[in-house]
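Notes to accompany the following structure.
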Amino acid sequence: MEFNKVLDNVTIYEAGKPIELVVREYGINPKDIIKLASNENPYGTSPKVTAKIKEIAQNMFVYPDDSMYELKEALSNKFNVESSNVIIGSGSDQILEFCVHAKCDKDSKILMSKTTFAMYEIYGKQTGSTIIKTVDDEHNLEQFSAEYKKHGADIIFLCLPNNPLGECLDKEDVYEFLKTVDSNTLVVVDGAYQEYASFKDEKKKIDAKDLISTFPNCIYLGTFSKAYALGGMRVGYGIAQEDIIKTLYKLRAPFNITTLTLAAAIEALKDEEFVNTCIAKNFDEMTRYEDYAKSKGFDYIPSYTNFITIKFGNKFSSKEVAQELLQRGIIVRDLTGYGVNAIRITIGSNEQNTKVFKILDEVLEKLK
């Protein structure tokens, strides 16, 4: 059977290994497995969200409110925009997909960093678009500017902070770059980890309303999967000028968010105290990883997210380290597939991290 030829060049996204797979392959008790590969909130979901889901679980047979009125109103209040500036997706990556399919075809060009969220390239290749990347692994606006002047672009992806490495550009520098971008180029500012970046450093904060007001060709994306701990619920959002939102709605299938997902997201927005507490703990624990890397002589990328990237240079193979950890029940993300000899570790709880350091010591001793 023949399929669309553009799919020949599309790679399949490899998600972080689930706990169930490690149980099956290595026979490890699920209670002894620590998953630090998908940047989930290790402190779980807000108890208020859990209580709300239990309360309305009997309504699973009812289709959700397809207008998503209550969630859109909550987000419009949070970001001080109109509800008509908001679109809801099954994870923010669904809105990424909308953006690419709304803007691109085989004659289009998409500009992104060399090492960034893999779905940008995958969605781009689905449309047959030409993918243009910068040279450096980490975000470099001078390289973005050079490539944009040389090639132009129909879409530019800026992941702020950047996944999978963790670095983040200053808002002021981003704005200076955006001033040079043509109004017909759609700029996607992916703020999946913005809650963390803005908590750590005000200079990194991207205000969605200010962004789309100053640069009408931009769309800001957010998610409930990270700081709000709703990864299993799959809900994200986009904020942009109304004409962009209306266009994206042409690609949205009805009922793309579930009844329980809507309720969970609405309730999660009410518990900012829980979110801020989790973020504060995240950065407290991150210092332990920084200290650990320094003690071993490893480089790491200063992170504005809920994960840290530790580089091994020529000392160890990240693929081997990740595999050895996996066999011991510690799931991390090997970045070999991104061309980087490093592992990305989600910042776990205090207890989890203590266990990780102990086992990582054992692994490094074995491999040296």
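In the structure tokens, each chain is lettered A, B, ... as it comes, each chain's residues begin at 1, and ligands are numbered from 1 in order of appearance.
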_I want to know what sits within 7 Å of stretch 103-105 of chain A, based on only C-alpha atoms, with residues of the same chain fewer than 6 positions away left out; could you give that as a list in words?_
Thr127, Gly128, Ser129 and Asp154 of chain A
*Using DSSP on the backbone, list every residue of stretch 129-188 of chain A that comes out as strand (DSSP E or B), and give them as a PyMOL selection string.*
chain A and resi 130-133+155-159+186-188
*Can you list, as an MDAnalysis selection string, every residue of stretch 79-203 of chain A that DSSP puts in alpha helix (DSSP H)?*
chainID A and resid 79 92:103 118:126 141:151 171:178 194:200
_Residue contacts of A:Pro216 (8 Å, only C-alpha atoms) excluding same-chain residues fewer than 2 positions away, as number ranges by chain_ = A: 183, 211-214, 218, 240-241
Could you list, as a CSV table (one decimal) with N, CA, C and O atoms, in the first residue's frame, every residue within 8 Å of stretch 255-262 of chain A, counting only C-alpha atoms and ignoring same-chain residues fewer than 6 positions away?
chain,number,residue,atom,x,y,z
A,53,ILE,N,-12.3,15.5,40.4
A,53,ILE,CA,-12.4,14.4,39.5
A,53,ILE,C,-13.3,13.3,40.1
A,53,ILE,O,-14.1,12.7,39.4
A,56,ILE,N,-17.0,14.3,40.0
A,56,ILE,CA,-17.7,14.3,38.7
A,56,ILE,C,-17.4,13.1,37.8
A,56,ILE,O,-17.9,13.0,36.7
A,57,ALA,N,-16.8,12.1,38.4
A,57,ALA,CA,-16.4,10.9,37.6
A,57,ALA,C,-17.6,10.2,37.0
A,57,ALA,O,-17.5,9.6,35.9
A,59,ASN,N,-19.9,11.5,35.5
A,59,ASN,CA,-20.3,12.2,34.3
A,59,ASN,C,-19.5,11.9,33.0
A,59,ASN,O,-19.6,12.5,32.0
A,60,MET,N,-18.7,10.8,33.1
A,60,MET,CA,-17.8,10.5,32.0
A,60,MET,C,-18.6,10.1,30.7
A,60,MET,O,-18.1,10.2,29.6
A,62,VAL,N,-21.0,11.8,29.5
A,62,VAL,CA,-21.5,13.0,28.9
A,62,VAL,C,-20.4,13.7,28.1
A,62,VAL,O,-19.3,13.8,28.6
A,63,TYR,N,-20.7,14.1,26.9
A,63,TYR,CA,-19.8,14.8,26.1
A,63,TYR,C,-19.4,16.1,26.8
A,63,TYR,O,-20.2,16.7,27.5
A,64,PRO,N,-18.1,16.6,26.7
A,64,PRO,CA,-17.7,17.8,27.3
A,64,PRO,C,-18.3,19.0,26.7
A,64,PRO,O,-18.9,18.9,25.6
A,65,ASP,N,-18.3,20.1,27.4
A,65,ASP,CA,-18.7,21.4,26.8
A,65,ASP,C,-17.8,21.8,25.7
A,65,ASP,O,-16.6,22.2,26.0
A,66,ASP,N,-18.2,21.7,24.5
A,66,ASP,CA,-17.2,21.9,23.4
A,66,ASP,C,-16.9,23.4,23.2
A,66,ASP,O,-15.9,23.7,22.5
A,68,MET,N,-15.9,25.0,25.7
A,68,MET,CA,-14.9,25.1,26.8
A,68,MET,C,-14.9,26.4,27.5
A,68,MET,O,-13.9,27.0,27.8
A,71,LEU,N,-13.2,27.0,31.1
A,71,LEU,CA,-11.7,27.0,31.0
A,71,LEU,C,-11.1,28.2,30.3
A,71,LEU,O,-10.2,28.8,30.7
A,88,ILE,N,-8.0,25.8,23.1
A,88,ILE,CA,-7.6,24.7,23.9
A,88,ILE,C,-7.3,23.5,23.1
A,88,ILE,O,-8.0,23.2,22.1
A,89,GLY,N,-6.2,22.8,23.5
A,89,GLY,CA,-5.8,21.6,22.7
A,89,GLY,C,-5.6,20.4,23.6
A,89,GLY,O,-5.5,20.5,24.9
A,90,SER,N,-5.5,19.2,23.0
A,90,SER,CA,-5.2,18.0,23.8
A,90,SER,C,-3.6,18.0,24.0
A,90,SER,O,-2.9,17.4,23.2
A,233,MET,N,-3.8,14.0,31.7
A,233,MET,CA,-5.1,14.6,31.3
A,233,MET,C,-5.0,15.2,29.9
A,233,MET,O,-6.0,15.4,29.2
A,234,ARG,N,-3.8,15.5,29.5
A,234,ARG,CA,-3.5,16.0,28.1
A,234,ARG,C,-4.4,17.3,27.8
A,234,ARG,O,-5.4,17.3,27.1
A,235,VAL,N,-3.9,18.4,28.3
A,235,VAL,CA,-4.6,19.7,28.1
A,235,VAL,C,-3.5,20.8,28.0
A,235,VAL,O,-2.7,20.9,28.9
*If we count only C-alpha atoms, what is near stretch 283-296 of chain A at a cut-off of 10 Å, once residues fewer than 4 positions away on the same chain are taken out, given as JSON, numbers by chain?*
{"A": [196, 199, 200, 278, 279, 300, 301, 302, 303, 304, 305, 306, 307, 308, 309, 310, 311, 312, 345, 346, 347, 348, 349, 350, 353, 354, 356, 357, 361, 364]}
How about saving the chosen residues, C-alpha atoms kept, as a short mmCIF file (atom, residue, chain, number, x, y, z; two decimals), in the first residue's frame?
data_model
loop_
_atom_site.label_atom_id
_atom_site.label_comp_id
_atom_site.auth_asym_id
_atom_site.auth_seq_id
_atom_site.Cartn_x
_atom_site.Cartn_y
_atom_site.Cartn_z
CA TYR A 196 9.44 27.60 36.13
CA PHE A 199 9.68 31.87 39.01
CA LYS A 200 13.47 31.58 38.83
CA CYS A 278 6.01 22.52 43.79
CA ILE A 279 8.11 24.94 41.74
CA TYR A 300 25.52 20.84 33.09
CA ILE A 301 23.23 23.38 31.45
CA PRO A 302 21.82 25.92 33.92
CA SER A 303 18.13 25.06 33.83
CA TYR A 304 14.98 27.18 34.02
CA THR A 305 12.71 24.14 33.93
CA ASN A 306 11.88 21.10 36.06
CA PHE A 307 14.74 19.06 34.60
CA ILE A 308 18.49 19.31 34.23
CA THR A 309 20.81 18.25 31.40
CA ILE A 310 24.09 16.70 32.54
CA LYS A 311 26.83 16.31 29.93
CA PHE A 312 29.42 13.55 30.12
CA ILE A 345 16.84 14.13 34.44
CA THR A 346 13.51 15.39 35.74
CA ILE A 347 14.00 16.89 39.19
CA GLY A 348 12.30 14.44 41.53
CA SER A 349 11.34 14.66 45.18
CA ASN A 350 14.01 14.76 47.89
CA ASN A 353 16.82 12.28 44.19
CA THR A 354 18.73 10.79 47.11
CA VAL A 356 19.16 8.54 42.15
CA PHE A 357 22.51 9.87 43.39
CA ASP A 361 27.32 6.54 41.81
CA LEU A 364 29.49 5.44 37.13
#
*Enter the distance from atom CA of A:Arg344 to atom CA of A:Gly222, in Å, rounded to one decimal.*
21.1 Å
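Proximity to A:Lys246 was assessed for A:Leu325, A:Cys99, A:Ile266, A:Ala146 counting only C-alpha atoms; the smallest distance is recorded for A:Cys99.
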_Residue nearest A:Asp201 - candidates A:Phe215, A:Met119, A:Asp170, A:Phe224, atoms counted: only C-alpha atoms_ =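 Comparing A:Phe215, A:Met119, A:Asp170, A:Phe224 against A:Asp201, the winner is A:Asp170.
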Kindly assemble as a Markdown table a list of the stretch 176-244 of chain A residues that lie within 12 Å of stretch 133-142 of chain A, each paired with its nearest atom pair and their distance in Å to one decimal, using only C-alpha atoms, sorted first by chain and then by ascending residue number.
| residue | atom | partner | partner_atom | distance |
| --- | --- | --- | --- | --- |
| A:Glu176 | CA | A:Leu141 | CA | 9.5 |
| A:Phe177 | CA | A:Leu141 | CA | 7.0 |
| A:Leu178 | CA | A:Leu141 | CA | 10.0 |
| A:Thr180 | CA | A:Leu141 | CA | 11.3 |
Restricting the output to all heavy atoms, write the selected residues as a PDB file, in the first residue's frame.
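That gives us part.pdb:
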ATOM      1  N   GLU A 176      13.875  41.852  20.831  1.00  0.00           N
ATOM      2  CA  GLU A 176      14.728  42.498  19.828  1.00  0.00           C
ATOM      3  C   GLU A 176      14.769  41.664  18.552  1.00  0.00           C
ATOM      4  O   GLU A 176      14.733  42.209  17.440  1.00  0.00           O
ATOM      5  CB  GLU A 176      16.144  42.695  20.380  1.00  0.00           C
ATOM      6  CG  GLU A 176      16.263  43.819  21.391  1.00  0.00           C
ATOM      7  CD  GLU A 176      15.834  45.172  20.825  1.00  0.00           C
ATOM      8  OE1 GLU A 176      16.292  45.535  19.717  1.00  0.00           O
ATOM      9  OE2 GLU A 176      14.998  45.841  21.475  1.00  0.00           O
ATOM     10  N   PHE A 177      14.826  40.345  18.710  1.00  0.00           N
ATOM     11  CA  PHE A 177      14.800  39.470  17.537  1.00  0.00           C
ATOM     12  C   PHE A 177      13.457  39.540  16.829  1.00  0.00           C
ATOM     13  O   PHE A 177      13.387  39.641  15.590  1.00  0.00           O
ATOM     14  CB  PHE A 177      15.099  38.030  17.947  1.00  0.00           C
ATOM     15  CG  PHE A 177      14.833  37.020  16.864  1.00  0.00           C
ATOM     16  CD1 PHE A 177      15.594  36.997  15.700  1.00  0.00           C
ATOM     17  CD2 PHE A 177      13.795  36.097  16.992  1.00  0.00           C
ATOM     18  CE1 PHE A 177      15.341  36.076  14.689  1.00  0.00           C
ATOM     19  CE2 PHE A 177      13.538  35.162  15.994  1.00  0.00           C
ATOM     20  CZ  PHE A 177      14.312  35.167  14.839  1.00  0.00           C
ATOM     21  N   LEU A 178      12.368  39.523  17.585  1.00  0.00           N
ATOM     22  CA  LEU A 178      11.032  39.529  16.989  1.00  0.00           C
ATOM     23  C   LEU A 178      10.771  40.794  16.172  1.00  0.00           C
ATOM     24  O   LEU A 178       9.985  40.771  15.215  1.00  0.00           O
ATOM     25  CB  LEU A 178       9.968  39.365  18.076  1.00  0.00           C
ATOM     26  CG  LEU A 178       9.936  37.999  18.793  1.00  0.00           C
ATOM     27  CD1 LEU A 178       8.874  37.989  19.879  1.00  0.00           C
ATOM     28  CD2 LEU A 178       9.707  36.868  17.802  1.00  0.00           C
ATOM     29  N   THR A 180      12.639  42.017  14.103  1.00  0.00           N
ATOM     30  CA  THR A 180      13.218  41.832  12.763  1.00  0.00           C
ATOM     31  C   THR A 180      12.441  40.825  11.922  1.00  0.00           C
ATOM     32  O   THR A 180      12.779  40.606  10.759  1.00  0.00           O
ATOM     33  CB  THR A 180      14.673  41.341  12.879  1.00  0.00           C
ATOM     34  OG1 THR A 180      14.698  39.991  13.387  1.00  0.00           O
ATOM     35  CG2 THR A 180      15.481  42.244  13.802  1.00  0.00           C
TER      36      THR A 180
END
If we count only C-alpha atoms and set the cut-off at 7 Å, which residues sit around stretch 160-164 of chain A, ignoring sequence neighbours fewer than 5 positions away in its own chain? Please answer as an mmCIF file with N, CA and C atoms, in the first residue's frame.
data_model
loop_
_atom_site.group_PDB
_atom_site.id
_atom_site.type_symbol
_atom_site.label_atom_id
_atom_site.label_comp_id
_atom_site.auth_asym_id
_atom_site.auth_seq_id
_atom_site.Cartn_x
_atom_site.Cartn_y
_atom_site.Cartn_z
ATOM 1 N N THR A 116 15.968 20.998 20.059
ATOM 2 C CA THR A 116 14.750 21.526 20.659
ATOM 3 C C THR A 116 13.669 20.457 20.586
ATOM 4 N N PHE A 117 12.444 20.788 20.959
ATOM 5 C CA PHE A 117 11.365 19.805 21.013
ATOM 6 C C PHE A 117 11.186 19.123 19.658
ATOM 7 N N LEU A 169 16.181 32.059 27.015
ATOM 8 C CA LEU A 169 16.590 33.384 26.580
ATOM 9 C C LEU A 169 15.902 34.458 27.411
ATOM 10 N N VAL A 189 5.822 30.770 20.259
ATOM 11 C CA VAL A 189 6.583 30.829 21.510
ATOM 12 C C VAL A 189 6.027 29.745 22.430
ATOM 13 N N ASP A 190 6.791 28.692 22.573
ATOM 14 C CA ASP A 190 6.360 27.533 23.350
ATOM 15 C C ASP A 190 6.755 27.750 24.811
ATOM 16 N N GLY A 191 5.759 28.051 25.644
ATOM 17 C CA GLY A 191 6.005 28.335 27.049
ATOM 18 C C GLY A 191 5.632 27.197 27.975
ATOM 19 N N TYR A 193 7.276 25.464 29.858
ATOM 20 C CA TYR A 193 7.965 25.517 31.154
ATOM 21 C C TYR A 193 8.091 26.953 31.667
ATOM 22 N N GLN A 194 7.264 27.855 31.165
ATOM 23 C CA GLN A 194 7.375 29.256 31.554
ATOM 24 C C GLN A 194 7.126 29.484 33.045
ATOM 25 N N ALA A 197 10.521 29.124 34.590
ATOM 26 C CA ALA A 197 11.471 30.171 34.208
ATOM 27 C C ALA A 197 11.150 31.503 34.871
ATOM 28 N N TYR A 304 16.122 26.356 33.593
ATOM 29 C CA TYR A 304 14.984 27.177 34.017
ATOM 30 C C TYR A 304 13.692 26.377 33.916
ATOM 31 N N THR A 305 13.834 25.060 34.107
ATOM 32 C CA THR A 305 12.712 24.142 33.926
ATOM 33 C C THR A 305 12.607 23.233 35.153
#
_List as a list in words the protein and nucleic acid residues near A:Ser318, meaning an atom at most 8 Å away when only C-alpha atoms are counted, but skip any in the same chain fewer than 2 places from it._
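These residues fall inside the cut-off: Lys311, Phe312, Phe316, Glu320, Val321, Ala322, Asp334, Leu335, Thr336, Asn341, Ala342 and Ile343 of chain A.
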